[in-house]
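Engineer: Take a look at the following structure, please.
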Amino acid sequence: MKIAILGGSFNPVHLGHLFLADAVIEALGYERIILVPACISPFKPDAKDMETTGNDRLEMLAASIAGDPRLVVDACEIRREGVSYTIDTIRDIIRRYAPDGKPGLIIGDDLANEFPKWHEYEKILELADLIVARRLHSLEIHCNFPHTLIANEIMDISSQMVRQKIAEGRTWQYLVPAAARAIIQDRRLYGIATEQEESYSQITARLEQAAREELSLQRFLHSRHVAVLSADLCCRFGLDPRQGYLAGIAHDLGKHLKNDELLALVKSDKKPISKLEKKKPSLLHGRATAVLLRKRFNIKNKDILEAVAMHTEGGEKMCDLAKIVYIADKVEFSRDKIDPQLRSLCYNTDNLDTLFLTVFNQNVDWLRNNKIDLGKETLQLLKKLQGRKY
């Protein structure tokens, strides 16, 4: 088998690493790329940014290449411990993998000028074919040693850039593979936010995956639109947008359940079930979803649970988050035949109650025009609003 070696700190692995491996396979016909994370780089023996363990970096790499047999992670340098010399790795790889011909050794053009200073560099050239990939330079570079230069596209990403963005709280998530991102968030690597902030990220990711897998595609896309609009409205009205997104992505998670499942779930919230709800159990999907969030996802935030439970009918006593999710559910951008001025109001009004009551009023009018019975919570809120101007 024709193999090539791509070493580095992979601290963390990012999209540029995998893009480069793909480019070498395409350009030079290698059948397998062996990714070798360093224990300690000879170029950075005193690096202070190697706060992750070797196992962290190995797991991020392994998770990032799942399902792709062209790429392999090898832990030889981490097992050896200490400073990693490329010549030792090449000898080890040749011994264990028995490649057809010389293995390729991939380095970036940022390292090319210093290559003659590498430990036993002449022996490296005897044992491996050197492949120089563009990382910094768009023009051809000139080296006075045998090599193959590939004209790969340059991705302006580095591990140091990712670490810095994480530490500074800037956007970084789409610079790394999704699986590596989950490990970084789960283990709070590179100074990533606080434990409370991370818990929102984790639980939201799980909820979004559940919604995507368990709901129809159309229902999932609706849920995501609700999540995005809820987060926008939370920003506008001074609430935590993470809670808005979480409640929005989760609000219809019980929508696909059968009537007997809905009825069984809502029994545990110890609230009465109206005659209309018994006749039409689908009206209970909000309450049932709130129970699911408590039992299955261990969500205890009262406002989030209330927002999910009350998003269908509204209610007499609603927290601000519940009003926001109700609004987003009724006017999100994938719904047809919504008054554009009503959507515009979401981004123009400074009064949440005015916006909520306007949306609520139009929804009640639509239900009545279509001869759909109003739920108990809706009727109670209407009764409270009688004679009130808004």
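Every chain in the structure tokens has a letter given in the order shown (A, B, ...), and although residue numbers restart at 1 in each chain, ligands are simply numbered from 1 in the order shown.
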Find the spatial neighbours of A:Leu321, counting only C-alpha atoms, within a cut-off of 12 Å - ignore same-chain residues fewer than 6 positions away - and output them as a PyMOL selection string.

Structural biologist: chain A and resi 227+230-248+301-311+314+327-328+352-353+356

Engineer: Where in stretch 119-321 of chain A does DSSP assign strand (DSSP E or B), given as a PyMOL selection string?

Structural biologist: chain A and resi 129-133+148-150

Engineer: Leaving out A:Leu357 and any residue of its chain fewer than 4 positions from it, which residues lie within 10 Å of it when counting only C-alpha atoms, given as JSON, numbers by chain?

Structural biologist: {"A": [323, 327, 352, 353, 361, 362, 363, 385, 389, 390]}

Engineer: List the spatial neighbours of A:Gly315 as a ChimeraX atom specification - criterion: any atom at most 6 Å away, only C-alpha atoms, same-chain residues fewer than 2 positions off excluded.

Structural biologist: /A:317,377-378,381

Engineer: Could you write out that same residue set with C-alpha atoms as a PDB file, in the first residue's frame?

Structural biologist:
```
ATOM      1  CA  LYS A 317     -49.413  33.475  33.450  1.00  0.00           C
ATOM      2  CA  GLU A 377     -55.445  28.183  28.470  1.00  0.00           C
ATOM      3  CA  THR A 378     -56.227  30.324  25.413  1.00  0.00           C
ATOM      4  CA  LEU A 381     -56.045  34.444  28.626  1.00  0.00           C
TER       5      LEU A 381
END
```

Engineer: Could you pull out all residues of stretch 144-192 of chain A with a DSSP call of alpha helix (DSSP H) and give them as a VMD selection string?

Structural biologist: chain A and resid 159 to 167 178 to 187

Engineer: Write the residues of the selection above to a file with N, CA and C atoms, as a PDB file, in the first residue's frame.

Structural biologist:
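Contents of result_21.pdb, freshly written:
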```pdb
ATOM      1  N   SER A 159      -3.785  25.653  14.330  1.00  0.00           N
ATOM      2  CA  SER A 159      -4.213  25.239  15.671  1.00  0.00           C
ATOM      3  C   SER A 159      -4.088  26.392  16.658  1.00  0.00           C
ATOM      4  N   GLN A 160      -3.025  27.185  16.505  1.00  0.00           N
ATOM      5  CA  GLN A 160      -2.844  28.331  17.396  1.00  0.00           C
ATOM      6  C   GLN A 160      -3.996  29.318  17.248  1.00  0.00           C
ATOM      7  N   MET A 161      -4.465  29.521  16.003  1.00  0.00           N
ATOM      8  CA  MET A 161      -5.599  30.410  15.772  1.00  0.00           C
ATOM      9  C   MET A 161      -6.850  29.886  16.486  1.00  0.00           C
ATOM     10  N   VAL A 162      -7.083  28.571  16.378  1.00  0.00           N
ATOM     11  CA  VAL A 162      -8.264  27.985  17.023  1.00  0.00           C
ATOM     12  C   VAL A 162      -8.173  28.165  18.535  1.00  0.00           C
ATOM     13  N   ARG A 163      -7.018  27.839  19.111  1.00  0.00           N
ATOM     14  CA  ARG A 163      -6.861  27.979  20.565  1.00  0.00           C
ATOM     15  C   ARG A 163      -7.078  29.414  21.010  1.00  0.00           C
ATOM     16  N   GLN A 164      -6.541  30.350  20.265  1.00  0.00           N
ATOM     17  CA  GLN A 164      -6.661  31.758  20.637  1.00  0.00           C
ATOM     18  C   GLN A 164      -8.111  32.217  20.574  1.00  0.00           C
ATOM     19  N   LYS A 165      -8.813  31.797  19.526  1.00  0.00           N
ATOM     20  CA  LYS A 165     -10.218  32.194  19.400  1.00  0.00           C
ATOM     21  C   LYS A 165     -11.051  31.616  20.546  1.00  0.00           C
ATOM     22  N   ILE A 166     -10.766  30.364  20.913  1.00  0.00           N
ATOM     23  CA  ILE A 166     -11.505  29.751  22.020  1.00  0.00           C
ATOM     24  C   ILE A 166     -11.231  30.514  23.307  1.00  0.00           C
ATOM     25  N   ALA A 167      -9.969  30.769  23.580  1.00  0.00           N
ATOM     26  CA  ALA A 167      -9.594  31.444  24.832  1.00  0.00           C
ATOM     27  C   ALA A 167     -10.186  32.839  24.925  1.00  0.00           C
ATOM     28  N   ALA A 178     -16.684  18.532  13.497  1.00  0.00           N
ATOM     29  CA  ALA A 178     -17.740  18.536  14.519  1.00  0.00           C
ATOM     30  C   ALA A 178     -17.412  17.610  15.684  1.00  0.00           C
ATOM     31  N   ALA A 179     -16.839  16.452  15.389  1.00  0.00           N
ATOM     32  CA  ALA A 179     -16.541  15.502  16.458  1.00  0.00           C
ATOM     33  C   ALA A 179     -15.461  16.043  17.396  1.00  0.00           C
ATOM     34  N   ALA A 180     -14.460  16.718  16.836  1.00  0.00           N
ATOM     35  CA  ALA A 180     -13.431  17.334  17.676  1.00  0.00           C
ATOM     36  C   ALA A 180     -14.025  18.479  18.488  1.00  0.00           C
ATOM     37  N   ARG A 181     -14.923  19.235  17.863  1.00  0.00           N
ATOM     38  CA  ARG A 181     -15.585  20.329  18.574  1.00  0.00           C
ATOM     39  C   ARG A 181     -16.310  19.805  19.811  1.00  0.00           C
ATOM     40  N   ALA A 182     -16.998  18.667  19.675  1.00  0.00           N
ATOM     41  CA  ALA A 182     -17.739  18.108  20.809  1.00  0.00           C
ATOM     42  C   ALA A 182     -16.797  17.737  21.950  1.00  0.00           C
ATOM     43  N   ILE A 183     -15.627  17.198  21.636  1.00  0.00           N
ATOM     44  CA  ILE A 183     -14.661  16.834  22.676  1.00  0.00           C
ATOM     45  C   ILE A 183     -14.109  18.089  23.353  1.00  0.00           C
ATOM     46  N   ILE A 184     -13.798  19.109  22.567  1.00  0.00           N
ATOM     47  CA  ILE A 184     -13.309  20.366  23.142  1.00  0.00           C
ATOM     48  C   ILE A 184     -14.334  20.945  24.103  1.00  0.00           C
ATOM     49  N   GLN A 185     -15.592  20.927  23.691  1.00  0.00           N
ATOM     50  CA  GLN A 185     -16.642  21.482  24.542  1.00  0.00           C
ATOM     51  C   GLN A 185     -16.880  20.614  25.769  1.00  0.00           C
ATOM     52  N   ASP A 186     -16.897  19.294  25.563  1.00  0.00           N
ATOM     53  CA  ASP A 186     -17.185  18.378  26.659  1.00  0.00           C
ATOM     54  C   ASP A 186     -16.121  18.453  27.747  1.00  0.00           C
ATOM     55  N   ARG A 187     -14.848  18.609  27.326  1.00  0.00           N
ATOM     56  CA  ARG A 187     -13.748  18.625  28.290  1.00  0.00           C
ATOM     57  C   ARG A 187     -13.286  20.033  28.642  1.00  0.00           C
TER      58      ARG A 187
END
```

Engineer: Select, from A:Phe333, A:Val83, A:Ala23, A:Ile203, the residue with the minimum atom-to-atom distance to A:Ala151, counting only C-alpha atoms.

Structural biologist: A:Ala23
